[in-house]
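*Asks:* I'd like to ask some things about the structure below.
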Amino acid sequence: MTQRILITGATGAIGGALAQAYAAPGVELHLQGRNGAQLAVQAAACTALGAQVLTHQQDVRDFAARQAWAARLGAEAPLDLVILNAGMNTNIGPDGAGEPWHEAEALIDTNLKACMALVHGVLPAMRRAGRGQIALVSSLAGYFGLPVTPAYCASKAGLKAYGEALRGWLAPEGIRVNVIMPGYVHSPMCAAMPGPKPFVWTPERAARSIRRGLARDKARISFPFPLNWGSWWLAVLPAALSLRILGWLGYRGHQ
């Protein structure tokens with residue numbers, strides 16, 4: 001049987017690597033992205049690997065259109081795997097002036113609300129079929145807020161909590177939900193982020209780790225070690241101590 005996979009943010013570093021990691025004969029790939037030219041290049045690469053590829057260029061902040069598109073895909077046949085990877089970032093700036101409101105609002109819409117809208121679109125068909133898998137790409141920044149990227153951390157913490165709640169709700173119905181928490185992965189978005197970037201992975205290595213974790217139905221897929229271990233401790237330690245540690249590491253409000 002054909003495996004139907006939907007990947008959002010397929011023109012990004014992790015999304016593109018995931019698309020090519022899953023591309024194979026017998027796979028129907030639905031790739032969504034903002035950049036039409038890059039989306040066409042990605043589709044060609046995945047087609048060359050044997051997959052049947054369908055692309056969708058969409059403004060992810062048009063939530064009604066996003067839900068309708070997802071519902072149409074589900075009506076054709078239940079999706080086997082949905083990877084919600086589309087995202088953006090903003091920061092407080094080199095002088096600590098703060099995040100422009102229009103950027104923070106767009107970020108929350110893109111990173112959190114657009115993902116929730118898509119889940120609402122694909123979920124009815126999955127629940128009727130009693131199967132399916134949904135993966136939400138959060139971040140290690142979802143464990144404890146970094147002073148340089150408040151809105152980004154808020155969106156990723158929201159995705160983490162949302163995915164964990166969905167897993168508890170939907171597991172008895174045969175629907176698997178997984179939260180992916182990457183550290184730093186080579187990409188233009190990563191390069192634009194302020195602060196140190198330890199243990200940077202290639203997109204291909206990240207995609208391999210994510211695919212293994214999804215196959216094993218790991219509730220939380222986090223990497224790399226020891227950055228994931230240290231990030232977890234930031235959430236466990238007293239907040240004052242965690243903020244002091246982040247300051248020692250170079251994550252300060254003023255760079």
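FYI, nothing fancy with the structure tokens labels: chains A, B, ... in order, residues from 1 per chain, ligands from 1 as they appear.
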Run DSSP on the backbone and give me the residues of segment 8-232 of chain A it puts in strand (DSSP E), as a ChimeraX atom specification.

*Replies:* /A:27-33,52-57,81-84,132-137,175-182,220-223

*Asks:* Find the residues around segment 88-103 of chain A up to 9 Å (only C-alpha atoms counted), leave out those fewer than 5 positions away in its own chain, and share them as a ChimeraX atom specification.

*Replies:* /A:108,110-111,147-152,189-190,192-194,252-255

*Asks:* Determine, counting only C-alpha atoms, which protein, DNA and RNA residues have an atom within 10 Å of an atom of Arg34 of chain A; residues of the same chain fewer than 3 positions away are not included. Present the result as an MDAnalysis selection string.

*Replies:* chainID A and resid 8:12 37:39 56:60 86

*Asks:* Go ahead and write the residues just picked, N, CA and C atoms, as a PDB file, in the first residue's frame.

*Replies:*
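This is the output file result38.pdb:
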```
ATOM      1  N   THR A   8       5.373  19.795   6.266  1.00  0.00           N
ATOM      2  CA  THR A   8       5.311  21.248   6.099  1.00  0.00           C
ATOM      3  C   THR A   8       6.714  21.824   6.289  1.00  0.00           C
ATOM      4  N   GLY A   9       6.912  23.015   5.761  1.00  0.00           N
ATOM      5  CA  GLY A   9       8.250  23.598   5.826  1.00  0.00           C
ATOM      6  C   GLY A   9       9.259  22.786   5.051  1.00  0.00           C
ATOM      7  N   ALA A  10       8.829  22.210   3.933  1.00  0.00           N
ATOM      8  CA  ALA A  10       9.678  21.296   3.170  1.00  0.00           C
ATOM      9  C   ALA A  10      10.800  22.004   2.428  1.00  0.00           C
ATOM     10  N   THR A  11      10.771  23.342   2.381  1.00  0.00           N
ATOM     11  CA  THR A  11      11.858  24.068   1.728  1.00  0.00           C
ATOM     12  C   THR A  11      12.927  24.487   2.734  1.00  0.00           C
ATOM     13  N   GLY A  12      12.720  24.181   4.017  1.00  0.00           N
ATOM     14  CA  GLY A  12      13.725  24.475   5.023  1.00  0.00           C
ATOM     15  C   GLY A  12      14.759  23.375   5.115  1.00  0.00           C
ATOM     16  N   ALA A  37       9.877  28.229  -5.949  1.00  0.00           N
ATOM     17  CA  ALA A  37      11.029  27.743  -6.715  1.00  0.00           C
ATOM     18  C   ALA A  37      11.775  26.655  -5.940  1.00  0.00           C
ATOM     19  N   GLN A  38      12.001  26.885  -4.652  1.00  0.00           N
ATOM     20  CA  GLN A  38      12.679  25.884  -3.835  1.00  0.00           C
ATOM     21  C   GLN A  38      11.834  24.627  -3.695  1.00  0.00           C
ATOM     22  N   LEU A  39      10.523  24.814  -3.620  1.00  0.00           N
ATOM     23  CA  LEU A  39       9.615  23.675  -3.499  1.00  0.00           C
ATOM     24  C   LEU A  39       9.699  22.796  -4.750  1.00  0.00           C
ATOM     25  N   HIS A  56       2.408  22.009  -2.378  1.00  0.00           N
ATOM     26  CA  HIS A  56       1.367  22.964  -2.023  1.00  0.00           C
ATOM     27  C   HIS A  56       2.035  24.210  -1.464  1.00  0.00           C
ATOM     28  N   GLN A  57       1.919  25.311  -2.200  1.00  0.00           N
ATOM     29  CA  GLN A  57       2.455  26.590  -1.738  1.00  0.00           C
ATOM     30  C   GLN A  57       1.327  27.357  -1.069  1.00  0.00           C
ATOM     31  N   GLN A  58       1.551  27.774   0.179  1.00  0.00           N
ATOM     32  CA  GLN A  58       0.445  28.332   0.962  1.00  0.00           C
ATOM     33  C   GLN A  58       0.966  29.310   1.996  1.00  0.00           C
ATOM     34  N   ASP A  59       0.177  30.353   2.257  1.00  0.00           N
ATOM     35  CA  ASP A  59       0.422  31.240   3.387  1.00  0.00           C
ATOM     36  C   ASP A  59      -0.052  30.512   4.644  1.00  0.00           C
ATOM     37  N   VAL A  60       0.880  30.095   5.488  1.00  0.00           N
ATOM     38  CA  VAL A  60       0.503  29.268   6.638  1.00  0.00           C
ATOM     39  C   VAL A  60      -0.365  30.024   7.635  1.00  0.00           C
ATOM     40  N   ALA A  86       7.180  23.607   9.633  1.00  0.00           N
ATOM     41  CA  ALA A  86       7.311  25.005   9.209  1.00  0.00           C
ATOM     42  C   ALA A  86       7.533  25.907  10.416  1.00  0.00           C
TER      43      ALA A  86
END
```

*Asks:* If we count only C-alpha atoms, what is near segment 46-54 of chain A at a cut-off of 9 Å, once residues fewer than 2 positions away on the same chain are taken out, given as a count of residues only?

*Replies:* 19

*Asks:* Would you list the contacts of Glu76 of chain A as a ChimeraX atom specification, taking every protein, DNA or RNA residue within 12 Å and counting only C-alpha atoms, but skipping same-chain residues closer than 2 positions in sequence?

*Replies:* /A:4,69-74,78-79,122,125-126

*Asks:* As an exercise, work out the distance from atom CA of Leu18 of chain A to atom CA of Ala207 of chain A in Å and give it to one decimal place.

*Replies:* 5.1 Å

*Asks:* Need to verify the contact set: Arg176 of chain A, 8 Å, only C-alpha atoms, exclusion of same-chain residues closer than 4 positions in sequence. Can you return it as a ChimeraX atom specification?

*Replies:* /A:131-134,167,170-171,217

*Asks:* At a cut-off of 9 Å, using only C-alpha atoms, what residues contact Thr202 of chain A? Leave out same-chain residues fewer than 2 positions from it and give the result as a PDB file with N, CA, C and O atoms, in the first residue's frame.

*Replies:*
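Full text of out.pdb as output:
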```
ATOM      1  N   ALA A  13      15.751  23.578   5.978  1.00  0.00           N
ATOM      2  CA  ALA A  13      16.861  22.625   6.087  1.00  0.00           C
ATOM      3  C   ALA A  13      16.391  21.264   6.589  1.00  0.00           C
ATOM      4  O   ALA A  13      16.616  20.235   5.936  1.00  0.00           O
ATOM      5  N   ILE A  14      15.720  21.232   7.740  1.00  0.00           N
ATOM      6  CA  ILE A  14      15.263  19.960   8.296  1.00  0.00           C
ATOM      7  C   ILE A  14      14.137  19.386   7.437  1.00  0.00           C
ATOM      8  O   ILE A  14      14.111  18.186   7.147  1.00  0.00           O
ATOM      9  N   TYR A 184      20.797  22.768  17.587  1.00  0.00           N
ATOM     10  CA  TYR A 184      21.191  23.586  16.443  1.00  0.00           C
ATOM     11  C   TYR A 184      21.466  22.709  15.218  1.00  0.00           C
ATOM     12  O   TYR A 184      22.200  21.725  15.296  1.00  0.00           O
ATOM     13  N   VAL A 185      20.851  23.086  14.107  1.00  0.00           N
ATOM     14  CA  VAL A 185      21.009  22.377  12.844  1.00  0.00           C
ATOM     15  C   VAL A 185      21.401  23.402  11.784  1.00  0.00           C
ATOM     16  O   VAL A 185      20.781  24.471  11.684  1.00  0.00           O
ATOM     17  N   HIS A 186      22.423  23.102  10.997  1.00  0.00           N
ATOM     18  CA  HIS A 186      22.904  24.045   9.981  1.00  0.00           C
ATOM     19  C   HIS A 186      21.761  24.505   9.081  1.00  0.00           C
ATOM     20  O   HIS A 186      21.110  23.702   8.418  1.00  0.00           O
ATOM     21  N   SER A 187      21.505  25.806   9.062  1.00  0.00           N
ATOM     22  CA  SER A 187      20.460  26.386   8.227  1.00  0.00           C
ATOM     23  C   SER A 187      20.600  27.903   8.302  1.00  0.00           C
ATOM     24  O   SER A 187      21.220  28.439   9.221  1.00  0.00           O
ATOM     25  N   VAL A 200      26.448  21.649  16.660  1.00  0.00           N
ATOM     26  CA  VAL A 200      25.603  21.826  15.471  1.00  0.00           C
ATOM     27  C   VAL A 200      25.613  20.547  14.637  1.00  0.00           C
ATOM     28  O   VAL A 200      26.670  19.965  14.375  1.00  0.00           O
ATOM     29  N   GLU A 204      20.889  16.431   7.391  1.00  0.00           N
ATOM     30  CA  GLU A 204      20.762  15.012   7.073  1.00  0.00           C
ATOM     31  C   GLU A 204      20.878  14.153   8.330  1.00  0.00           C
ATOM     32  O   GLU A 204      20.130  13.182   8.500  1.00  0.00           O
ATOM     33  N   ARG A 205      21.807  14.513   9.214  1.00  0.00           N
ATOM     34  CA  ARG A 205      21.943  13.763  10.458  1.00  0.00           C
ATOM     35  C   ARG A 205      20.694  13.935  11.325  1.00  0.00           C
ATOM     36  O   ARG A 205      20.210  12.978  11.935  1.00  0.00           O
ATOM     37  N   ALA A 206      20.168  15.153  11.373  1.00  0.00           N
ATOM     38  CA  ALA A 206      18.939  15.397  12.135  1.00  0.00           C
ATOM     39  C   ALA A 206      17.784  14.572  11.572  1.00  0.00           C
ATOM     40  O   ALA A 206      17.008  13.981  12.329  1.00  0.00           O
ATOM     41  N   ALA A 207      17.655  14.522  10.242  1.00  0.00           N
ATOM     42  CA  ALA A 207      16.570  13.768   9.615  1.00  0.00           C
ATOM     43  C   ALA A 207      16.661  12.287   9.941  1.00  0.00           C
ATOM     44  O   ALA A 207      15.643  11.626  10.195  1.00  0.00           O
TER      45      ALA A 207
END
```

*Asks:* Hey, can you check how far atom CA of Ile7 of chain A sits from atom CA of Ile83 of chain A?

*Replies:*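 It comes out at 4.8 Å.
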
*Asks:* Would you mind reading off the distance between atom CA of Phe63 of chain A and atom CA of Gly87 of chain A, one decimal, in Å?

*Replies:*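 So the two atoms, atom CA of Phe63 of chain A and atom CA of Gly87 of chain A, lie 14.7 Å apart.
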
*Asks:* Which residue, A:Pro196, A:Gly163, A:Gly168, A:Gly36, has the smallest gap to Met181 of chain A when you use only C-alpha atoms?

*Replies:*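 That would be A:Gly163, the residue with the smallest distance to Met181 of chain A.
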
*Asks:* A:Leu249, A:Ala64, A:Val119, A:Leu140: which is nearest Val82 of chain A, counting only C-alpha atoms?

*Replies:* A:Val119
